[in-house]
file entry.txt (compact mmCIF, C-alpha atoms)
# COMPACT_ATOMS: atom_id res chain seq x y z
CA MET A 1422 144.56 -59.56 -90.57
CA GLU A 1423 143.56 -59.98 -86.92
CA ARG A 1424 142.21 -63.46 -86.25
CA ARG A 1425 141.04 -65.47 -83.24
CA GLU A 1426 139.14 -68.62 -82.33
CA VAL A 1427 135.54 -67.87 -81.44
CA SER A 1428 133.04 -70.16 -79.71
CA PHE A 1429 129.43 -70.34 -80.92
CA ARG A 1430 126.52 -71.94 -79.11
CA ILE A 1431 123.73 -72.71 -81.61
CA TYR A 1432 120.13 -73.73 -80.98
CA ARG A 1433 119.29 -77.08 -82.59
CA TYR A 1434 115.92 -78.73 -83.01
CA ASN A 1435 114.50 -81.11 -85.60
CA PRO A 1436 110.91 -81.92 -84.53
CA GLN A 1437 110.99 -85.08 -86.66
CA VAL A 1438 113.70 -86.71 -84.54
CA ASP A 1439 114.33 -84.56 -81.43
CA ARG A 1440 112.09 -84.72 -78.38
CA HIS A 1441 113.46 -81.42 -77.08
CA PRO A 1442 115.64 -78.57 -78.38
CA PHE A 1443 119.32 -78.63 -77.49
CA TYR A 1444 122.46 -76.56 -78.14
CA ASP A 1445 125.53 -77.43 -80.20
CA ASN A 1446 128.91 -75.83 -79.56
CA PHE A 1447 131.31 -74.94 -82.37
CA LYS A 1448 134.69 -73.21 -82.52
CA VAL A 1449 135.55 -71.20 -85.62
CA ALA A 1450 138.74 -69.33 -86.52
CA ALA A 1451 137.27 -65.91 -87.31
CA GLU A 1452 139.03 -62.88 -88.73
CA ARG A 1453 137.99 -59.30 -88.06
CA GLY A 1454 135.21 -58.31 -90.49
CA ILE A 1455 133.48 -61.70 -90.62
CA THR A 1456 129.70 -61.75 -90.19
CA VAL A 1457 127.52 -64.19 -88.29
CA LEU A 1458 126.11 -65.48 -91.59
CA ARG A 1459 129.59 -66.29 -92.88
CA VAL A 1460 130.19 -68.26 -89.71
CA LEU A 1461 126.94 -70.19 -90.19
CA ASN A 1462 127.88 -70.94 -93.81
CA HIS A 1463 131.32 -72.14 -92.69
CA ILE A 1464 129.82 -74.42 -90.04
CA LYS A 1465 127.32 -75.89 -92.51
CA GLU A 1466 129.93 -76.43 -95.22
CA ASN A 1467 132.72 -77.78 -93.01
CA LEU A 1468 131.47 -78.91 -89.61
CA GLU A 1469 127.76 -79.74 -89.53
CA PRO A 1470 125.95 -80.08 -92.88
CA ARG A 1471 122.60 -80.68 -91.15
CA LEU A 1472 122.57 -77.19 -89.60
CA THR A 1473 119.50 -75.41 -91.00
CA PHE A 1474 118.94 -71.67 -91.41
CA ARG A 1475 117.52 -69.30 -94.03
CA ALA A 1476 119.61 -66.87 -96.10
CA TYR A 1477 119.47 -65.42 -99.62
CA CYS A 1478 120.90 -62.03 -100.58
CA GLN A 1479 123.62 -61.91 -97.89
CA ALA A 1480 123.57 -58.12 -98.21
CA GLY A 1481 121.00 -56.87 -95.69
CA ILE A 1482 118.29 -56.48 -98.34
CA CYS A 1483 115.99 -59.53 -98.25
CA GLY A 1484 115.72 -59.88 -94.45
CA SER A 1485 115.56 -63.68 -94.58
CA CYS A 1486 118.58 -64.39 -92.36
CA ALA A 1487 117.24 -62.78 -89.18
CA VAL A 1488 118.13 -64.73 -86.02
CA ARG A 1489 118.64 -63.92 -82.37
CA VAL A 1490 122.27 -63.16 -81.58
CA ASN A 1491 123.00 -63.16 -77.86
CA GLY A 1492 119.28 -62.79 -77.18
CA VAL A 1493 118.63 -59.94 -79.64
CA SER A 1494 117.00 -60.28 -83.08
CA LYS A 1495 119.41 -59.20 -85.83
CA LEU A 1496 120.31 -59.85 -89.46
CA ALA A 1497 123.03 -62.51 -89.53
CA CYS A 1498 124.48 -61.08 -92.75
CA THR A 1499 125.14 -57.61 -91.30
CA THR A 1500 126.02 -58.54 -87.71
CA GLN A 1501 129.77 -58.48 -87.14
CA VAL A 1502 131.23 -61.25 -84.99
CA TRP A 1503 133.80 -58.91 -83.51
CA ASP A 1504 131.12 -56.43 -82.48
CA GLU A 1505 129.38 -59.22 -80.58
CA LEU A 1506 132.67 -60.22 -78.94
CA ALA A 1507 133.09 -56.66 -77.74
CA GLU A 1508 129.78 -57.01 -75.86
CA SER A 1509 129.96 -60.64 -74.70
CA GLY A 1510 133.70 -60.95 -73.98
CA ASP A 1511 134.98 -64.53 -73.94
CA GLU A 1512 131.51 -66.07 -73.63
CA PRO A 1513 130.23 -68.14 -76.61
CA ILE A 1514 128.14 -66.17 -79.07
CA LEU A 1515 124.60 -67.52 -78.72
CA LEU A 1516 122.58 -68.05 -81.93
CA GLU A 1517 118.87 -68.86 -81.66
CA PRO A 1518 115.75 -68.69 -83.88
CA LEU A 1519 113.44 -65.68 -83.82
CA ASN A 1520 110.88 -65.43 -81.03
CA ASN A 1521 107.11 -65.64 -81.48
CA LEU A 1522 107.31 -67.88 -84.58
CA GLU A 1523 107.23 -71.68 -84.67
CA VAL A 1524 110.59 -73.34 -85.23
CA ILE A 1525 110.64 -75.54 -88.34
CA ARG A 1526 114.19 -76.72 -87.74
CA ASP A 1527 117.23 -75.25 -85.96
CA LEU A 1528 117.34 -71.51 -86.79
CA LEU A 1529 114.60 -71.75 -89.43
CA VAL A 1530 111.18 -70.41 -88.39
CA ASP A 1531 107.76 -70.48 -90.03
CA ILE A 1532 106.95 -66.95 -91.22
CA ASP A 1533 103.51 -67.89 -92.59
CA PRO A 1534 101.67 -66.28 -89.60
CA LEU A 1535 103.25 -62.94 -90.47
CA LEU A 1536 102.45 -63.35 -94.16
CA GLU A 1537 98.83 -64.24 -93.37
CA LYS A 1538 98.48 -61.09 -91.26
CA LEU A 1539 99.88 -59.02 -94.12
CA LYS A 1540 97.36 -60.59 -96.50
CA SER A 1541 94.37 -60.14 -94.18
CA ASN A 1542 95.16 -56.47 -93.64
CA SER A 1543 95.54 -55.45 -97.30
CA SER A 1544 99.28 -54.72 -97.09
CA TRP A 1545 99.57 -53.65 -100.71
CA LEU A 1546 98.90 -50.58 -102.81
CA THR A 1547 95.51 -50.21 -104.49
CA SER A 1548 96.21 -47.64 -107.17
CA SER A 1549 93.75 -44.92 -108.09
CA ILE A 1550 94.70 -45.40 -111.75
CA PRO A 1551 92.23 -47.75 -113.49
CA GLU A 1552 93.77 -51.07 -114.44
CA GLN A 1553 93.23 -50.47 -118.16
CA GLN A 1554 95.34 -47.30 -117.96
CA MET A 1555 98.25 -48.89 -116.10
CA GLY A 1556 101.40 -48.80 -118.18
CA HIS A 1557 100.05 -45.90 -120.23
CA LYS A 1558 99.80 -43.22 -117.56
CA GLU A 1559 102.15 -42.13 -114.79
CA HIS A 1560 101.04 -41.35 -111.27
CA ILE A 1561 103.67 -38.95 -110.02
CA VAL A 1562 104.62 -38.90 -106.32
CA SER A 1563 106.50 -35.75 -105.36
CA GLU A 1564 109.57 -35.80 -103.12
CA THR A 1565 107.61 -34.05 -100.38
CA GLU A 1566 104.83 -36.65 -100.56
CA PHE A 1567 107.30 -39.52 -100.50
CA GLU A 1568 109.14 -38.12 -97.47
CA VAL A 1569 106.15 -39.11 -95.32
CA ILE A 1570 106.57 -42.81 -96.16
CA ASP A 1571 110.28 -42.85 -97.01
CA SER A 1572 111.57 -44.58 -93.88
CA ALA A 1573 108.59 -46.97 -93.72
CA SER A 1574 109.37 -48.05 -97.29
CA ASP A 1575 112.72 -49.40 -96.05
CA CYS A 1576 111.03 -52.31 -94.24
CA ILE A 1577 112.38 -55.65 -95.52
CA LEU A 1578 110.02 -57.84 -93.44
CA CYS A 1579 112.90 -59.49 -91.60
CA ALA A 1580 110.50 -60.08 -88.64
CA SER A 1581 112.99 -58.80 -86.05
CA CYS A 1582 110.35 -56.45 -84.62
CA TYR A 1583 107.85 -59.34 -84.72
CA SER A 1584 110.30 -61.38 -82.66
CA GLU A 1585 111.00 -58.64 -80.12
CA CYS A 1586 107.43 -57.32 -79.69
CA SER A 1587 106.27 -57.78 -76.08
CA MET A 1588 102.60 -58.03 -77.12
CA MET A 1589 103.38 -60.83 -79.57
CA GLY A 1590 104.86 -62.72 -76.64
CA VAL A 1591 101.48 -62.85 -74.87
CA ASN A 1592 99.06 -62.79 -77.80
CA ARG A 1593 100.03 -64.48 -81.07
CA ARG A 1594 96.84 -63.10 -82.65
CA TYR A 1595 98.13 -59.53 -82.24
CA ILE A 1596 98.48 -57.82 -85.61
CA SER A 1597 102.26 -57.17 -85.06
CA PRO A 1598 104.51 -54.13 -85.73
CA PRO A 1599 105.48 -54.90 -89.37
CA VAL A 1600 101.82 -55.17 -90.42
CA LEU A 1601 100.99 -51.86 -88.73
CA LEU A 1602 104.02 -50.25 -90.39
CA LYS A 1603 102.84 -51.52 -93.78
CA ALA A 1604 99.37 -50.12 -93.08
CA PHE A 1605 100.87 -46.71 -92.30
CA ARG A 1606 103.05 -46.83 -95.41
CA MET A 1607 100.14 -47.73 -97.73
CA ASN A 1608 97.60 -45.41 -96.13
CA ASN A 1609 99.91 -42.42 -96.60
CA ASP A 1610 100.82 -43.17 -100.20
CA THR A 1611 99.15 -40.50 -102.36
CA ARG A 1612 98.25 -43.15 -104.98
CA GLU A 1613 96.25 -45.23 -102.48
CA THR A 1614 92.44 -45.65 -102.54
CA LEU A 1615 91.92 -48.30 -99.83
CA ALA A 1616 93.03 -46.30 -96.79
CA GLY A 1617 89.67 -46.24 -95.01
CA GLU A 1618 89.02 -49.96 -95.46
CA ARG A 1619 92.55 -50.87 -94.37
CA LEU A 1620 92.20 -48.73 -91.26
CA LYS A 1621 89.03 -50.64 -90.34
CA GLN A 1622 90.98 -53.87 -90.66
CA VAL A 1623 93.92 -52.84 -88.47
CA THR A 1624 91.70 -51.32 -85.76
CA ALA A 1625 89.75 -54.56 -85.26
CA ASP A 1626 90.28 -56.89 -82.28
CA HIS A 1627 93.95 -57.76 -81.58
CA GLY A 1628 94.93 -54.81 -83.76
CA LEU A 1629 96.24 -51.28 -83.53
CA TRP A 1630 94.89 -50.48 -80.07
CA ASP A 1631 96.61 -53.46 -78.43
CA CYS A 1632 100.09 -51.97 -78.90
CA THR A 1633 101.69 -51.51 -75.46
CA HIS A 1634 104.15 -48.77 -76.51
CA CYS A 1635 107.14 -50.78 -75.29
CA TYR A 1636 109.19 -49.40 -78.23
CA ARG A 1637 111.06 -52.70 -78.61
CA CYS A 1638 110.16 -52.70 -82.32
CA VAL A 1639 112.00 -49.40 -82.76
CA GLU A 1640 114.94 -50.45 -80.61
CA HIS A 1641 115.56 -53.65 -82.58
CA CYS A 1642 114.61 -52.64 -86.12
CA CYS A 1643 117.45 -53.70 -88.43
CA LYS A 1644 116.76 -50.72 -90.70
CA LYS A 1645 116.35 -48.14 -87.90
CA ILE A 1646 112.78 -47.38 -88.96
CA PRO A 1647 110.75 -45.27 -86.47
CA ILE A 1648 107.94 -47.85 -86.39
CA MET A 1649 106.14 -46.28 -83.44
CA ASP A 1650 105.80 -43.00 -85.33
CA GLY A 1651 103.78 -44.88 -87.94
CA ILE A 1652 101.67 -46.59 -85.26
CA HIS A 1653 100.96 -43.25 -83.57
CA ARG A 1654 99.96 -41.74 -86.92
CA LEU A 1655 97.55 -44.62 -87.56
CA ARG A 1656 95.92 -43.97 -84.20
CA GLU A 1657 95.56 -40.30 -85.02
CA GLU A 1658 94.03 -41.22 -88.37
CA ALA A 1659 91.59 -43.58 -86.65
CA PHE A 1660 90.37 -40.76 -84.39
CA GLU A 1661 90.17 -38.37 -87.35
CA ARG A 1662 87.96 -40.87 -89.19
CA ARG A 1663 85.84 -41.41 -86.06
CA MET A 1664 86.98 -45.04 -85.77
CA SER A 1665 87.01 -44.85 -81.99
CA GLY A 1666 84.29 -47.31 -81.02
CA SER A 1667 86.58 -50.17 -80.05
CA GLU A 1668 87.66 -50.88 -76.49
CA GLY A 1669 91.25 -49.97 -77.30
CA ALA A 1670 90.21 -46.64 -78.79
CA ARG A 1671 88.05 -45.83 -75.76
CA HIS A 1672 90.97 -46.74 -73.49
CA ALA A 1673 93.24 -44.29 -75.34
CA GLN A 1674 90.58 -41.56 -75.24
CA VAL A 1675 90.08 -42.01 -71.50
CA PHE A 1676 93.82 -41.60 -70.94
CA PHE A 1677 93.76 -38.46 -73.08
CA ASP A 1678 90.81 -36.94 -71.24
CA ASP A 1679 92.08 -37.74 -67.73
CA ILE A 1680 95.53 -36.28 -68.26
CA ARG A 1681 94.09 -33.18 -69.90
CA ASP A 1682 91.56 -32.60 -67.12
CA ASN A 1683 93.49 -33.66 -64.02
CA GLY A 1684 97.04 -34.58 -64.95
CA ARG A 1685 96.38 -38.01 -63.42
CA LEU A 1686 94.38 -41.11 -64.36
CA LYS A 1687 91.05 -41.76 -62.63
CA GLU A 1688 91.93 -45.43 -62.16
CA MET A 1689 88.85 -46.28 -60.11
CA THR A 1690 86.49 -45.58 -63.01
CA LEU A 1691 88.88 -46.52 -65.82
CA PRO A 1692 87.43 -50.04 -66.43
CA LEU A 1693 83.84 -48.72 -66.49
CA ARG A 1694 84.63 -45.99 -69.01
CA THR A 1695 86.69 -48.35 -71.18
CA LYS A 1696 84.81 -51.65 -71.01
CA GLY A 1697 81.32 -50.49 -70.10
CA VAL A 1698 79.11 -52.04 -67.41
CA ALA A 1699 79.15 -55.60 -68.79
CA GLY A 1700 82.91 -55.66 -69.29
CA SER A 1701 83.55 -54.18 -65.85
CA LEU A 1702 81.52 -56.88 -64.12
CA ALA A 1703 84.03 -59.47 -65.35
CA MET A 1704 86.75 -57.60 -63.45
CA ILE A 1705 85.05 -57.88 -60.05
CA PRO A 1706 87.16 -60.91 -58.94
CA LEU A 1707 90.34 -58.97 -59.74
CA ALA A 1708 89.03 -55.92 -57.90
CA LEU A 1709 88.32 -58.05 -54.80
CA LYS A 1710 91.85 -59.47 -54.87
CA MET A 1711 93.27 -55.96 -55.10
CA ALA A 1712 91.10 -54.83 -52.20
CA ILE A 1713 92.29 -57.73 -50.02
CA LYS A 1714 95.89 -56.76 -50.73
CA MET A 1715 95.16 -53.05 -50.12
CA ARG A 1716 96.06 -52.19 -53.70
CA THR A 1717 92.90 -50.34 -54.72
CA PRO A 1718 93.35 -46.93 -56.43
CA PRO A 1719 92.01 -43.77 -54.76
CA LEU A 1720 88.31 -43.05 -55.22
CA PHE A 1721 88.92 -39.34 -55.92
CA THR A 1722 91.74 -37.88 -57.96
CA LYS A 1723 93.13 -34.42 -57.28
CA LYS A 1724 94.42 -32.19 -60.06
CA ILE A 1725 98.18 -31.88 -60.27
CA PRO A 1726 99.68 -28.44 -59.39
CA GLY A 1727 100.75 -27.79 -63.01
CA ILE A 1728 97.45 -28.74 -64.65
CA LYS A 1729 97.10 -25.33 -66.28
CA ARG A 1730 100.35 -25.85 -68.15
CA VAL A 1731 99.28 -29.36 -69.20
CA ARG A 1732 96.03 -28.00 -70.65
CA GLU A 1733 97.94 -25.33 -72.57
CA LEU A 1734 100.08 -28.05 -74.15
CA TYR A 1735 96.96 -30.03 -75.08
CA LEU A 1736 95.35 -27.00 -76.68
CA ARG A 1737 98.49 -26.33 -78.66
CA LEU A 1738 98.62 -29.92 -79.91
CA GLU A 1739 94.94 -29.86 -80.88
CA LYS A 1740 95.51 -26.62 -82.77
CA LEU A 1741 98.50 -28.06 -84.64
CA ASN A 1742 96.50 -31.16 -85.50
CA ALA A 1743 93.61 -29.09 -86.81
CA GLU A 1744 96.00 -27.02 -88.95
CA ARG A 1745 97.58 -30.18 -90.37
CA GLN A 1746 94.18 -31.62 -91.31
CA SER A 1747 93.11 -28.41 -93.04
CA SER A 1748 96.37 -28.06 -95.01

call {"tool": "encode", "arguments": {"input": "entry.txt", "output": "structure tokens"}}
result
Amino acid sequence: MERREVSFRIYRYNPQVDRHPFYDNFKVAAERGITVLRVLNHIKENLEPRLTFRAYCQAGICGSCAVRVNGVSKLACTTQVWDELAESGDEPILLEPLNNLEVIRDLLVDIDPLLEKLKSNSSWLTSSIPEQQMGHKEHIVSETEFEVIDSASDCILCASCYSECSMMGVNRRYISPPVLLKAFRMNNDTRETLAGERLKQVTADHGLWDCTHCYRCVEHCCKKIPIMDGIHRLREEAFERRMSGSEGARHAQVFFDDIRDNGRLKEMTLPLRTKGVAGSLAMIPLALKMAIKMRTPPLFTKKIPGIKRVRELYLRLEKLNAERQSS
């Protein structure tokens, strides 16, 4: 079996004794087929017993062993060392804790903020079967019905998307991709009765409408779940239920209307239409700075040459959406 010595550079931090985080270097004789988690276990058992990380199933099911490998959030138990070597060459493989969560010690992070967000946004199924009938009556979900939530049901809450989300990096109060995915999964379960209430919860401040569409959650999902598809569907559902009174919803509607009507955004009036008069007044200092630097958007926006084609596409989408709602 092919074997070579591999260098690992591991983030270390014990807040009880360390003033600042630091990195430890280890060399491990690794054979082809070994995972990052096996390396961590080897280091803990043979080289540094104080090294702290979280792991349980070791089979890519529980999601507890997620760490950042060479700057990308991954499951340690399914990440092959040799695959990382193919990307990093002779450089040490860098192992760090997940982003956007407080480090408890070394590679171990506090996932309570994620769990609290799941709790506060009703991330569970509220069955339409009365409690007294549970266990005595089946609630059948057809294959066609389950297909809608099939991929979303694969989420193992590893928090990789939480770690990679660009919005989480600037606003820790943001609801986060895994909570939105759970909301989509529960709202589209045919046994569910709490969909409307849950949608109100996820569309509140720091919620659904704060997503920046960076798609990092999709790119780094360990289970290859199309998370953004679920987020888009939640937004559509919010509009269908007339839950469009929030600033984020107005912002999305303004984008929709401008592109449909002109093919371009009317940036000059965008803050007024999104934030209202009071909210726009708070942006005056920023507007003055932009004016000084000659960065102000045009006062009038001309229609793009292909606006007729754009409107045809919009009409087609609206027709398809109406047909889907009626079916």

call {"tool": "residues_around", "arguments": {"input": "entry.txt", "residues": "A:Lys1729", "least_positions_apart": "6", "cutoff": "10 Å", "atoms": "all atoms listed in the file", "output": "PDB file with C-alpha atoms, keeping the file's coordinate frame"}}
result
ATOM      1  CA  ARG A1681      94.090 -33.180 -69.900  1.00  0.00           C
ATOM      2  CA  ASP A1682      91.560 -32.600 -67.120  1.00  0.00           C
ATOM      3  CA  ASN A1683      93.490 -33.660 -64.020  1.00  0.00           C
ATOM      4  CA  GLY A1684      97.040 -34.580 -64.950  1.00  0.00           C
ATOM      5  CA  TYR A1735      96.960 -30.030 -75.080  1.00  0.00           C
TER       6      TYR A1735
END

call {"tool": "residues_around", "arguments": {"input": "entry.txt", "residues": "A:Leu1655", "least_positions_apart": "3", "cutoff": "10 Å", "atoms": "all atoms listed in the file", "output": "ChimeraX atom specification"}}
result
/A:1601-1602,1604-1606,1608-1609,1620,1623-1624,1629-1630,1649-1652,1658-1661

call {"tool": "closest_residue", "arguments": {"input": "entry.txt", "among": "A:Thr1722, A:Ser1574, A:Ser1543, A:Thr1456", "to": "A:Thr1499", "atoms": "only C-alpha atoms"}}
result
A:Thr1456

call {"tool": "closest_residue", "arguments": {"input": "entry.txt", "among": "A:Gly1484, A:Gly1590, A:Gly1628, A:Pro1551", "to": "A:Ile1577", "atoms": "only C-alpha atoms"}}
result
A:Gly1484

call {"tool": "closest_residue", "arguments": {"input": "entry.txt", "among": "A:Pro1470, A:Gly1492, A:Pro1436, A:Pro1726", "to": "A:Ser1509", "atoms": "all atoms listed in the file"}}
result
A:Gly1492

call {"tool": "atom_distance", "arguments": {"input": "entry.txt", "atom1": "atom CA of A:Leu1529", "atom2": "atom CA of A:Arg1475"}}
result
6.0 Å

call {"tool": "residues_around", "arguments": {"input": "entry.txt", "residues": "A:Ser1548", "least_positions_apart": "2", "cutoff": "6 Å", "atoms": "all atoms listed in the file", "output": "count of residues only"}}
result
4

call {"tool": "closest_residue", "arguments": {"input": "entry.txt", "among": "A:Ala1497, A:Leu1536, A:Cys1638, A:Cys1632", "to": "A:His1653", "atoms": "all atoms listed in the file"}}
result
A:Cys1632

call {"tool": "decode", "arguments": {"input": "entry.txt", "residues": "stretch 1551-1616 of chain A", "atoms": "C-alpha atoms", "output": "short mmCIF file (atom, residue, chain, number, x, y, z; two decimals), in the first residue's frame"}}
result
data_model
loop_
_atom_site.label_atom_id
_atom_site.label_comp_id
_atom_site.auth_asym_id
_atom_site.auth_seq_id
_atom_site.Cartn_x
_atom_site.Cartn_y
_atom_site.Cartn_z
CA PRO A 1551 -54.01 14.31 16.79
CA GLU A 1552 -51.66 13.14 19.52
CA GLN A 1553 -54.15 10.59 20.84
CA GLN A 1554 -54.23 8.88 17.43
CA MET A 1555 -50.46 8.68 17.01
CA GLY A 1556 -49.30 5.08 16.87
CA HIS A 1557 -52.76 3.94 15.78
CA LYS A 1558 -53.04 5.68 12.42
CA GLU A 1559 -50.61 6.10 9.54
CA HIS A 1560 -50.09 9.33 7.67
CA ILE A 1561 -48.88 8.21 4.27
CA VAL A 1562 -46.45 10.37 2.28
CA SER A 1563 -46.31 9.40 -1.38
CA GLU A 1564 -43.04 9.13 -3.30
CA THR A 1565 -44.00 12.17 -5.36
CA GLU A 1566 -44.68 14.22 -2.23
CA PHE A 1567 -41.42 13.14 -0.63
CA GLU A 1568 -39.38 14.02 -3.73
CA VAL A 1569 -39.92 17.71 -2.92
CA ILE A 1570 -38.11 17.40 0.43
CA ASP A 1571 -35.89 14.40 -0.34
CA SER A 1572 -32.57 16.20 -0.68
CA ALA A 1573 -33.34 18.61 2.19
CA SER A 1574 -33.96 15.60 4.44
CA ASP A 1575 -30.30 14.60 3.97
CA CYS A 1576 -29.09 17.50 6.13
CA ILE A 1577 -27.02 16.21 9.08
CA LEU A 1578 -26.53 19.63 10.73
CA CYS A 1579 -22.76 19.45 10.38
CA ALA A 1580 -22.69 23.30 10.32
CA SER A 1581 -20.36 23.45 7.31
CA CYS A 1582 -22.74 25.84 5.53
CA TYR A 1583 -23.04 27.83 8.79
CA SER A 1584 -19.25 28.13 8.82
CA GLU A 1585 -18.97 29.16 5.16
CA CYS A 1586 -21.94 31.56 4.99
CA SER A 1587 -20.77 35.08 4.14
CA MET A 1588 -23.72 36.69 5.96
CA MET A 1589 -22.90 34.79 9.16
CA GLY A 1590 -19.45 36.36 8.97
CA VAL A 1591 -20.89 39.87 9.36
CA ASN A 1592 -24.05 39.19 11.37
CA ARG A 1593 -24.08 36.39 13.95
CA ARG A 1594 -27.79 37.02 14.49
CA TYR A 1595 -28.56 35.93 10.92
CA ILE A 1596 -30.84 32.89 10.87
CA SER A 1597 -28.26 30.79 8.89
CA PRO A 1598 -28.59 28.37 5.92
CA PRO A 1599 -29.27 25.13 7.89
CA VAL A 1600 -32.21 26.72 9.73
CA LEU A 1601 -33.70 27.99 6.46
CA LEU A 1602 -33.22 24.55 4.90
CA LYS A 1603 -35.04 22.96 7.84
CA ALA A 1604 -37.86 25.48 7.45
CA PHE A 1605 -38.20 24.57 3.77
CA ARG A 1606 -38.12 20.86 4.57
CA MET A 1607 -40.81 21.11 7.27
CA ASN A 1608 -43.03 23.57 5.42
CA ASN A 1609 -43.20 21.26 2.40
CA ASP A 1610 -43.92 18.09 4.34
CA THR A 1611 -47.53 17.11 3.59
CA ARG A 1612 -48.05 16.14 7.25
CA GLU A 1613 -47.16 19.62 8.52
CA THR A 1614 -49.64 22.07 10.10
CA LEU A 1615 -47.31 24.87 11.28
CA ALA A 1616 -46.09 26.13 7.90
#
